[in-house]
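For reference, coords.txt is printed below; it contains compact mmCIF, C-alpha atoms.
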```txt
# COMPACT_ATOMS: atom_id res chain seq x y z
CA MET A 1 24.16 1.85 -4.67
CA THR A 2 21.43 -0.51 -3.69
CA ILE A 3 21.11 -3.63 -5.77
CA LEU A 4 17.51 -3.90 -6.80
CA MET A 5 15.61 -7.09 -6.07
CA THR A 6 14.42 -9.25 -8.90
CA LEU A 7 10.79 -8.73 -9.78
CA ARG A 8 10.00 -12.36 -9.04
CA HIS A 9 11.45 -12.16 -5.54
CA LEU A 10 9.55 -8.96 -4.96
CA PHE A 11 6.32 -10.48 -6.19
CA TRP A 12 6.54 -13.48 -3.84
CA LEU A 13 7.43 -11.25 -0.95
CA ALA A 14 4.42 -9.02 -1.51
CA LEU A 15 2.17 -12.00 -2.12
CA ARG A 16 3.33 -13.50 1.15
CA ARG A 17 2.43 -10.29 2.95
CA GLU A 18 -1.10 -10.22 1.51
CA GLY A 19 -1.47 -13.89 2.39
CA LEU A 20 -0.36 -13.31 5.98
CA LEU A 21 -2.85 -10.45 6.26
CA VAL A 22 -5.65 -12.72 5.10
CA VAL A 23 -4.64 -15.27 7.75
CA GLN A 24 -4.55 -12.53 10.41
CA LYS A 25 -8.01 -11.34 9.45
CA SER A 26 -9.35 -14.77 8.60
CA SER A 27 -12.91 -14.18 9.85
CA GLN A 28 -13.14 -11.03 7.73
CA ALA A 29 -11.43 -12.65 4.79
CA LEU A 30 -13.74 -15.64 4.71
CA GLN A 31 -16.85 -13.44 4.75
CA PRO A 32 -17.34 -13.28 0.95
CA LEU A 33 -16.99 -17.05 0.63
CA LEU A 34 -19.44 -17.65 3.45
CA PHE A 35 -21.87 -15.12 1.99
CA LEU A 36 -21.67 -16.89 -1.35
CA THR A 37 -22.39 -20.31 0.16
CA LEU A 38 -25.31 -18.97 2.18
CA ILE A 39 -27.03 -17.46 -0.85
CA MET A 40 -26.62 -20.76 -2.68
CA ALA A 41 -28.11 -22.65 0.23
CA LEU A 42 -31.12 -20.31 0.34
CA PHE A 43 -32.07 -20.64 -3.33
CA PRO A 44 -33.38 -24.22 -3.22
CA LEU A 45 -35.35 -23.29 -0.09
CA ALA A 46 -36.86 -20.13 -1.50
CA ILE A 47 -37.51 -21.15 -5.10
CA SER A 48 -37.95 -24.86 -5.40
CA PRO A 49 -35.97 -27.97 -4.58
CA ASP A 50 -36.90 -29.20 -8.07
CA GLN A 51 -33.61 -29.97 -9.77
CA LYS A 52 -34.89 -29.06 -13.24
CA ILE A 53 -35.91 -25.56 -12.19
CA LEU A 54 -32.71 -25.02 -10.22
CA ALA A 55 -30.50 -26.27 -13.04
CA THR A 56 -31.85 -23.64 -15.44
CA ILE A 57 -31.00 -20.72 -13.15
CA ALA A 58 -27.96 -22.19 -11.38
CA ALA A 59 -25.14 -20.66 -13.43
CA GLY A 60 -26.75 -17.22 -13.46
CA VAL A 61 -27.38 -17.29 -9.72
CA ILE A 62 -23.79 -18.31 -9.00
CA TRP A 63 -22.48 -15.51 -11.17
CA ILE A 64 -24.68 -12.85 -9.56
CA ALA A 65 -23.73 -14.02 -6.08
CA VAL A 66 -20.01 -14.01 -6.94
CA LEU A 67 -20.32 -10.45 -8.21
CA LEU A 68 -22.18 -9.25 -5.11
CA ALA A 69 -19.84 -11.09 -2.75
CA SER A 70 -16.89 -9.35 -4.39
CA TYR A 71 -18.22 -5.97 -3.20
CA LEU A 72 -18.28 -7.01 0.45
CA ALA A 73 -14.79 -5.95 1.32
CA SER A 74 -13.79 -4.08 -1.81
CA ASP A 75 -14.33 -0.54 -0.52
CA ALA A 76 -11.63 -1.31 2.05
CA PHE A 77 -9.22 -2.66 -0.57
CA PHE A 78 -6.70 0.17 -0.24
CA ALA A 79 -8.06 1.70 2.98
CA GLU A 80 -5.69 0.09 5.49
CA ASP A 81 -2.56 0.65 3.44
CA TRP A 82 -3.70 4.19 2.81
CA GLN A 83 -4.37 5.06 6.45
CA SER A 84 -1.20 3.42 7.70
CA GLY A 85 0.95 5.28 5.17
CA VAL A 86 2.15 2.20 3.27
CA ILE A 87 0.87 3.65 -0.01
CA GLU A 88 2.80 6.84 0.77
CA GLN A 89 5.93 4.69 0.98
CA TRP A 90 5.16 3.06 -2.37
CA ARG A 91 5.90 6.44 -3.92
CA TYR A 92 9.51 6.28 -2.74
CA SER A 93 10.03 2.90 -4.30
CA PRO A 94 12.40 2.47 -7.22
CA TYR A 95 9.54 0.51 -8.78
CA PRO A 96 6.53 2.36 -10.19
CA LEU A 97 3.40 2.82 -8.10
CA ALA A 98 1.44 0.84 -10.71
CA TRP A 99 3.64 -2.18 -10.01
CA TRP A 100 2.66 -2.22 -6.30
CA VAL A 101 -0.97 -1.81 -7.27
CA GLN A 102 -0.62 -4.68 -9.72
CA ILE A 103 0.91 -7.00 -7.11
CA LYS A 104 -1.80 -6.20 -4.58
CA ILE A 105 -4.56 -6.90 -7.07
CA VAL A 106 -2.96 -10.11 -8.35
CA ALA A 107 -2.46 -11.32 -4.77
CA HIS A 108 -6.07 -10.52 -3.97
CA TRP A 109 -7.25 -12.29 -7.10
CA MET A 110 -5.09 -15.34 -6.39
CA LEU A 111 -6.61 -15.62 -2.92
CA TYR A 112 -10.26 -14.86 -3.71
CA GLY A 113 -10.63 -15.58 -7.40
CA VAL A 114 -8.92 -18.91 -7.15
CA SER A 115 -10.83 -19.93 -4.02
CA ILE A 116 -14.14 -18.96 -5.63
CA THR A 117 -13.20 -20.95 -8.73
CA LEU A 118 -12.36 -23.96 -6.59
CA MET A 119 -15.64 -23.57 -4.72
CA ALA A 120 -17.65 -23.59 -7.94
CA PRO A 121 -18.22 -27.40 -8.03
CA LEU A 122 -19.67 -27.22 -4.51
CA LEU A 123 -21.94 -24.33 -5.46
CA ALA A 124 -22.95 -26.21 -8.60
CA LEU A 125 -23.87 -29.20 -6.46
CA LEU A 126 -26.10 -27.08 -4.21
CA LEU A 127 -28.01 -25.76 -7.20
CA ALA A 128 -28.03 -29.01 -9.22
CA LEU A 129 -26.08 -27.54 -12.13
CA PRO A 130 -25.33 -30.32 -14.63
CA TRP A 131 -21.72 -31.53 -14.22
CA SER A 132 -21.07 -31.01 -17.90
CA GLN A 133 -21.37 -27.25 -17.32
CA VAL A 134 -19.08 -27.09 -14.30
CA PRO A 135 -15.76 -26.80 -16.18
CA ILE A 136 -16.98 -23.86 -18.27
CA LEU A 137 -18.47 -22.22 -15.17
CA MET A 138 -15.08 -22.56 -13.44
CA LEU A 139 -13.27 -21.14 -16.45
CA THR A 140 -15.54 -18.08 -16.66
CA LEU A 141 -15.30 -17.54 -12.90
CA PHE A 142 -11.51 -17.77 -13.08
CA ILE A 143 -11.20 -15.15 -15.82
CA GLY A 144 -14.17 -13.09 -14.65
CA SER A 145 -12.95 -12.77 -11.07
CA GLY A 146 -9.72 -11.34 -12.49
CA ILE A 147 -11.62 -8.60 -14.30
CA ILE A 148 -13.78 -7.99 -11.24
CA ALA A 149 -10.70 -7.63 -9.04
CA TYR A 150 -9.27 -4.88 -11.28
CA SER A 151 -12.49 -2.91 -11.63
CA ASN A 152 -13.25 -3.13 -7.90
CA ALA A 153 -9.75 -1.93 -7.12
CA LEU A 154 -10.21 1.05 -9.44
CA ALA A 155 -13.49 1.93 -7.74
CA ALA A 156 -11.87 1.53 -4.32
CA ALA A 157 -9.00 3.83 -5.29
CA LEU A 158 -11.34 6.49 -6.67
CA THR A 159 -13.47 6.49 -3.51
CA LEU A 160 -10.61 6.40 -0.99
CA ARG A 161 -11.52 9.78 0.42
CA ALA A 162 -15.29 9.43 0.18
CA ARG A 163 -17.36 8.99 3.34
CA SER A 164 -19.83 6.32 2.30
CA ALA A 165 -17.54 4.55 -0.12
CA ALA A 166 -19.38 1.22 -0.24
CA VAL A 167 -22.28 2.48 -2.36
CA LEU A 168 -19.99 4.49 -4.62
CA VAL A 169 -17.77 1.48 -5.24
CA LEU A 170 -20.82 -0.43 -6.38
CA LEU A 171 -21.99 2.38 -8.67
CA ILE A 172 -18.56 2.78 -10.27
CA ALA A 173 -17.66 -0.88 -10.60
CA LEU A 174 -20.99 -2.39 -11.63
CA PRO A 175 -21.22 -0.85 -15.13
CA MET A 176 -17.75 -2.21 -15.91
CA GLN A 177 -18.77 -5.65 -14.70
CA ILE A 178 -22.06 -6.05 -16.54
CA PRO A 179 -20.31 -7.13 -19.77
CA VAL A 180 -18.42 -9.74 -17.75
CA VAL A 181 -21.64 -11.32 -16.52
CA ILE A 182 -23.26 -11.14 -19.97
CA PHE A 183 -20.37 -12.82 -21.75
CA ALA A 184 -19.75 -15.38 -19.03
CA MET A 185 -23.39 -16.41 -19.17
CA ALA A 186 -23.29 -16.42 -22.97
CA ALA A 187 -20.38 -18.86 -22.86
CA ILE A 188 -22.17 -21.14 -20.39
CA ASN A 189 -25.44 -21.11 -22.35
CA LEU A 190 -23.74 -21.65 -25.70
CA GLN A 191 -21.88 -24.62 -24.32
CA ALA A 192 -25.14 -26.05 -22.92
CA SER A 193 -26.68 -25.88 -26.38
CA GLY A 194 -23.58 -27.41 -27.92
CA GLU A 195 -22.32 -24.40 -29.84
CA SER A 196 -18.90 -22.78 -30.05
CA ILE A 197 -17.95 -20.78 -26.97
CA LEU A 198 -14.92 -19.19 -28.57
CA ALA A 199 -16.43 -15.74 -29.16
CA PRO A 200 -17.58 -14.93 -25.59
CA LEU A 201 -14.42 -16.48 -24.12
CA ALA A 202 -12.25 -14.42 -26.44
CA PHE A 203 -14.09 -11.32 -25.32
CA LEU A 204 -13.67 -12.20 -21.63
CA GLY A 205 -9.99 -12.96 -22.13
CA GLY A 206 -9.50 -9.70 -23.98
CA LEU A 207 -11.24 -7.74 -21.26
CA TRP A 208 -9.06 -9.46 -18.68
CA LEU A 209 -5.82 -8.61 -20.48
CA PHE A 210 -7.02 -5.07 -21.07
CA SER A 211 -7.81 -4.64 -17.35
CA ALA A 212 -4.54 -6.21 -16.25
CA ALA A 213 -2.49 -4.02 -18.57
CA LEU A 214 -4.19 -0.66 -18.16
CA LEU A 215 -6.17 -0.48 -14.93
CA PRO A 216 -3.11 -0.58 -12.60
CA LEU A 217 -1.85 2.52 -14.40
CA ALA A 218 -5.19 4.26 -13.94
CA ILE A 219 -5.34 3.22 -10.27
CA ALA A 220 -1.78 4.42 -9.68
CA MET A 221 -2.71 7.76 -11.19
CA ALA A 222 -5.79 7.99 -8.98
CA LEU A 223 -3.72 7.20 -5.87
CA GLN A 224 -1.13 9.77 -6.92
CA ILE A 225 -3.81 12.45 -7.22
CA MET A 226 -5.33 11.48 -3.85
CA MET A 227 -1.92 11.71 -2.22
CA THR A 228 -0.87 15.10 -3.53
CA ALA A 229 -4.29 16.74 -3.49
CA MET B 1 33.29 17.46 0.32
CA SER B 2 29.69 18.46 0.43
CA ILE B 3 27.38 17.70 -2.45
CA PRO B 4 24.19 19.71 -2.99
CA LEU B 5 21.19 17.41 -2.75
CA LEU B 6 18.24 19.75 -2.71
CA THR B 7 17.79 23.42 -3.61
CA VAL B 8 14.81 25.28 -2.23
CA ASN B 9 14.07 28.70 -3.63
CA GLN B 10 11.44 31.05 -2.17
CA VAL B 11 9.23 28.16 -1.10
CA SER B 12 6.15 28.46 1.05
CA CYS B 13 3.26 26.07 1.57
CA LEU B 14 -0.13 27.28 0.41
CA ILE B 15 -3.53 26.85 1.93
CA GLU B 16 -6.09 28.05 -0.61
CA GLU B 17 -3.52 30.29 -2.33
CA THR B 18 -2.40 31.91 0.94
CA PRO B 19 1.21 31.24 2.01
CA LEU B 20 1.51 29.64 5.44
CA PHE B 21 4.91 31.09 6.27
CA LYS B 22 7.43 33.58 4.89
CA PRO B 23 9.13 32.01 1.83
CA ILE B 24 12.35 30.20 2.67
CA ASP B 25 15.55 29.48 0.77
CA PHE B 26 18.13 26.84 1.53
CA VAL B 27 20.44 24.36 -0.11
CA LEU B 28 20.60 20.96 1.53
CA GLN B 29 24.08 19.54 1.23
CA SER B 30 25.50 16.24 2.31
CA GLY B 31 26.72 16.41 5.88
CA VAL B 32 23.96 18.76 6.97
CA LEU B 33 21.47 18.22 9.77
CA LEU B 34 18.66 20.68 9.10
CA HIS B 35 16.25 21.32 11.96
CA LEU B 36 12.91 22.85 10.92
CA GLN B 37 11.44 24.81 13.77
CA GLY B 38 8.30 26.84 14.27
CA ALA B 39 5.07 27.06 16.17
CA ASN B 40 2.29 24.46 15.94
CA GLY B 41 0.42 24.74 12.67
CA ILE B 42 3.05 26.92 10.98
CA GLY B 43 3.51 24.29 8.26
CA LYS B 44 6.51 22.16 9.18
CA THR B 45 4.84 18.89 8.24
CA SER B 46 3.35 20.48 5.13
CA LEU B 47 6.81 21.73 4.13
CA LEU B 48 8.32 18.25 4.52
CA ARG B 49 5.51 16.77 2.43
CA VAL B 50 5.97 19.45 -0.21
CA LEU B 51 9.73 18.85 -0.33
CA ILE B 52 9.33 15.14 -1.04
CA GLY B 53 6.48 15.62 -3.48
CA LEU B 54 3.61 14.35 -1.35
CA SER B 55 1.83 17.66 -1.70
CA SER B 56 1.56 20.09 -4.57
CA HIS B 57 0.24 23.05 -2.59
CA TYR B 58 3.26 25.32 -2.64
CA GLN B 59 4.83 28.29 -4.33
CA GLY B 60 8.48 28.67 -5.29
CA ALA B 61 10.96 26.21 -6.75
CA ILE B 62 12.13 22.87 -5.35
CA LYS B 63 14.94 21.09 -7.13
CA TRP B 64 16.29 17.69 -6.16
CA HIS B 65 19.75 16.95 -7.52
CA THR B 66 19.40 13.25 -6.89
CA PRO B 67 16.55 10.82 -7.68
CA LEU B 68 14.23 10.71 -4.68
CA TYR B 69 13.49 7.03 -5.05
CA LEU B 70 17.13 6.05 -4.72
CA SER B 71 18.34 8.53 -2.17
CA THR B 72 15.53 9.43 0.19
CA VAL B 73 13.57 7.81 2.94
CA TYR B 74 10.59 9.51 4.58
CA LEU B 75 9.46 9.01 8.14
CA GLY B 76 6.11 10.71 8.49
CA HIS B 77 3.30 10.90 11.00
CA LEU B 78 1.69 7.86 9.44
CA ALA B 79 2.91 4.48 10.55
CA GLY B 80 4.19 3.02 7.29
CA PHE B 81 3.53 -0.48 8.61
CA HIS B 82 0.53 -2.74 9.06
CA ALA B 83 -0.51 -3.12 12.71
CA LEU B 84 -1.60 -6.74 12.27
CA LEU B 85 1.74 -7.95 10.93
CA SER B 86 4.87 -8.61 12.96
CA ALA B 87 7.94 -6.39 13.06
CA GLN B 88 9.84 -8.90 10.94
CA GLU B 89 7.21 -9.08 8.20
CA ASN B 90 6.71 -5.33 8.12
CA LEU B 91 10.42 -4.66 7.92
CA ARG B 92 10.87 -7.16 5.10
CA TYR B 93 8.03 -5.56 3.14
CA PHE B 94 9.19 -2.00 3.80
CA ALA B 95 12.66 -2.90 2.58
CA ALA B 96 11.20 -4.54 -0.52
CA ILE B 97 9.27 -1.36 -1.31
CA HIS B 98 12.60 0.45 -1.28
CA GLY B 99 14.19 -2.23 -3.41
CA ARG B 100 16.23 -3.96 -0.72
CA ALA B 101 16.14 -7.66 0.02
CA LEU B 102 16.75 -8.21 3.74
CA THR B 103 18.00 -11.57 4.94
CA VAL B 104 16.85 -13.05 8.24
CA GLY B 105 20.24 -12.02 9.64
CA ASP B 106 19.80 -8.40 8.50
CA ILE B 107 16.38 -8.24 10.14
CA GLU B 108 17.68 -9.63 13.41
CA HIS B 109 20.57 -7.17 13.35
CA ILE B 110 18.32 -4.15 12.77
CA LEU B 111 15.69 -5.16 15.31
CA ARG B 112 18.34 -5.86 17.94
CA HIS B 113 19.79 -2.46 17.18
CA VAL B 114 16.49 -0.77 18.17
CA GLN B 115 15.89 -3.29 20.98
CA LEU B 116 12.77 -4.76 19.47
CA TRP B 117 14.11 -8.23 18.70
CA GLN B 118 12.23 -9.85 21.58
CA TYR B 119 8.96 -8.58 20.03
CA ALA B 120 9.91 -9.54 16.48
CA GLU B 121 7.07 -12.04 16.13
CA ASP B 122 4.29 -9.98 17.75
CA PRO B 123 1.81 -7.91 15.74
CA LEU B 124 3.15 -4.35 15.75
CA GLY B 125 -0.21 -2.97 16.84
CA GLN B 126 0.34 -4.51 20.27
CA LEU B 127 3.51 -2.53 20.99
CA SER B 128 3.60 0.77 22.87
CA ALA B 129 3.75 4.13 21.09
CA GLY B 130 7.44 4.49 21.85
CA GLN B 131 8.20 1.00 20.58
CA LYS B 132 6.29 1.73 17.39
CA GLN B 133 8.34 4.89 16.94
CA ARG B 134 11.50 2.83 17.44
CA PHE B 135 10.27 0.48 14.75
CA LYS B 136 9.77 3.41 12.37
CA ILE B 137 13.36 4.40 13.04
CA ALA B 138 14.44 0.82 12.35
CA GLN B 139 12.67 1.07 8.99
CA LEU B 140 14.56 4.23 8.22
CA LEU B 141 17.95 2.86 9.30
CA SER B 142 17.53 -0.33 7.30
CA MET B 143 17.14 1.49 4.00
CA GLN B 144 20.68 2.92 3.83
CA ARG B 145 19.47 6.02 2.01
CA THR B 146 21.43 9.28 1.91
CA VAL B 147 18.66 11.73 2.75
CA TRP B 148 16.44 11.23 5.77
CA MET B 149 13.26 13.28 5.90
CA MET B 150 11.97 12.92 9.44
CA ASP B 151 8.75 14.38 10.81
CA GLU B 152 8.88 14.58 14.61
CA PRO B 153 11.26 11.61 15.00
CA PHE B 154 11.47 12.07 18.78
CA THR B 155 7.72 11.62 19.39
CA SER B 156 6.96 9.18 22.23
CA LEU B 157 10.61 8.24 22.75
CA ASP B 158 12.09 8.09 26.24
CA GLN B 159 15.11 10.20 27.13
CA THR B 160 17.69 7.47 26.58
CA THR B 161 16.26 6.60 23.18
CA CYS B 162 16.14 10.30 22.22
CA LEU B 163 19.86 10.61 22.95
CA TRP B 164 20.53 7.41 21.05
CA LEU B 165 18.57 8.71 18.06
CA GLU B 166 20.45 12.01 18.13
CA GLN B 167 23.66 10.00 18.04
CA GLN B 168 22.40 7.99 15.06
CA MET B 169 21.49 11.18 13.24
CA LYS B 170 24.87 12.73 13.92
CA GLU B 171 26.71 9.66 12.71
CA HIS B 172 24.61 9.66 9.56
CA VAL B 173 25.54 13.23 8.63
CA GLN B 174 29.17 12.67 9.60
CA GLN B 175 29.25 9.84 7.09
CA GLY B 176 28.03 12.14 4.34
CA GLY B 177 24.28 11.78 4.72
CA ALA B 178 21.81 14.62 5.08
CA ILE B 179 18.78 14.99 7.32
CA VAL B 180 15.83 17.35 7.35
CA PHE B 181 13.75 16.95 10.48
CA THR B 182 11.06 18.73 12.43
CA SER B 183 11.05 18.75 16.20
CA HIS B 184 10.02 20.94 19.10
CA GLN B 185 12.84 19.53 21.15
CA ALA B 186 16.15 21.35 21.21
CA PHE B 187 18.99 19.30 19.85
CA ALA B 188 21.29 18.54 22.82
CA GLU B 189 24.72 19.30 21.39
CA ALA B 190 24.68 21.39 18.27
CA ASP B 191 27.86 20.87 16.24
CA THR B 192 29.14 22.11 12.89
CA HIS B 193 26.75 19.90 10.95
CA TYR B 194 23.71 21.33 12.67
CA GLN B 195 21.62 24.05 11.04
CA ALA B 196 18.30 25.38 12.24
CA LEU B 197 15.62 27.02 10.14
CA THR B 198 12.68 28.69 11.83
CA LEU B 199 9.45 29.15 9.93
CA VAL B 200 7.83 32.53 10.56
CA ALA B 201 4.17 33.25 9.92
CA ALA B 202 3.56 35.17 6.70
```
Would you write out, as structure tokens, the structure that this file holds?
Amino acid sequence: MTILMTLRHLFWLALRREGLLVVQKSSQALQPLLFLTLIMALFPLAISPDQKILATIAAGVIWIAVLLASYLASDAFFAEDWQSGVIEQWRYSPYPLAWWVQIKIVAHWMLYGVSITLMAPLLALLLALPWSQVPILMLTLFIGSGIIAYSNALAAALTLRARSAAVLVLLIALPMQIPVVIFAMAAINLQASGESILAPLAFLGGLWLFSAALLPLAIAMALQIMMTA
Amino acid sequence: MSIPLLTVNQVSCLIEETPLFKPIDFVLQSGVLLHLQGANGIGKTSLLRVLIGLSSHYQGAIKWHTPLYLSTVYLGHLAGFHALLSAQENLRYFAAIHGRALTVGDIEHILRHVQLWQYAEDPLGQLSAGQKQRFKIAQLLSMQRTVWMMDEPFTSLDQTTCLWLEQQMKEHVQQGGAIVFTSHQAFAEADTHYQALTLVAA
């Protein structure tokens, strides 16, 4: 009888694998971050270098760019593991399929979400966002990128067998992500006007927990159907 | 003593409600090496996928007497590894999927066993087709599962490695394991463990 590994050991092992893959494909992996920085650099050139004008749109622009950058590689989220048969092997694991999906998404979020959050002060600097708003921007990006990671993964799983998956991913994921942008911006604006940000943050947090708890199950079911169909 | 592991009753694979081959019956017991034979396109791969639940297009009854996720390992046409990662990393991850923690020593032992240790650090995508097939066999050996479901395990292997693999398979069934495999190659020395099942067009 095989002694099963502890979940923590398993998690670090899988995280390490995703990390190594990012290193192996570093040019591809850095694409979203580069894309994000380029958009930010273009805004002052295209709109106005006037700091007052930029400051009013900065948070919104950063959020839109983060959302769009997240689509860049998301249609390929499961593609490699699917084509190479790794997902097939997940089915013969003593651990549920949803667990492997969960690890992959968390690893992805830790690599992208956290790096985008850490980049936020730099992006804020490019767009002259007041420093007082940077912490709340980082907080909403941190939580929001978690929700985005789950919904993009769901869209990627549903479109695994589609030909032009990129557009479909966008169409499926975007409606789920609109509330994220609305509430993130609400939190940032409320804080700017000195009001309580508890309500929008509570909503974002709730959405995050909801996604983390339920979407891996839905994704696992989608993968299961794709496999046996 | 042989233990029944899998009972297959009047099973045939379906393509749009039409059976691919004449329904088959067998009981897979421990100590059995079951060779699925048949012409190209008759449904050998489909049958293997149906047996392990990767496809639901079948008629008849399939009953496993042991939990698949603890007893079975599947070696299919797909790689089961990531071409950009090294043999070591892939093996560690594959083992983790199957709930086994491999130490550095275990990995060295297994890779030496399939003569891939000198390439342990290289991305697997750079190896030859035969070496990749050897790696897939290393994945299978490292899992220590009772039932091996192997789809064309001899693909791309040279003659020496084919004989070596046959030997591995024989030892596995002698030690109480069971194997279902597809192959167009004749098995060199058929012994008492060996059974062949030929799929015939419906």
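Taking atom CA of Arg100 of chain B and atom CA of Ala220 of chain A as endpoints, the distance between them is 21.8 Å.
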List the spatial neighbours of Leu68 of chain B as number ranges by chain - criterion: any atom at most 10 Å away, only C-alpha atoms, same-chain residues fewer than 3 positions off excluded.
A: 91-94; B: 5, 52-53, 64-65, 71-73, 145-147
Using all atoms listed in the file, determine which residues lie at most 12 Å from Met143 of chain B, disregarding the query and same-chain residues fewer than 6 positions distant; provide the list as a PyMOL selection string.
(chain A and resi 1-3+92-93) or (chain B and resi 69-75+91-102+106-107+110+136-137)
Computed interatomic separation between atom CA of Ile47 of chain A and atom CA of Val61 of chain A (Å):
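Taking atom CA of Ile47 of chain A as the start and atom CA of Val61 of chain A as the end point, the length is 11.8 Å.
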Separation of atom CA of Pro67 of chain B and atom CA of Leu199 of chain B, in Å?
26.4 Å
Residue nearest chain A - candidates B:Ser30, B:Gln144, B:Gln115, B:Gln126, atoms counted: all atoms listed in the file:
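Once distances to chain A are computed over all atoms listed in the file, the minimum belongs to B:Gln144.
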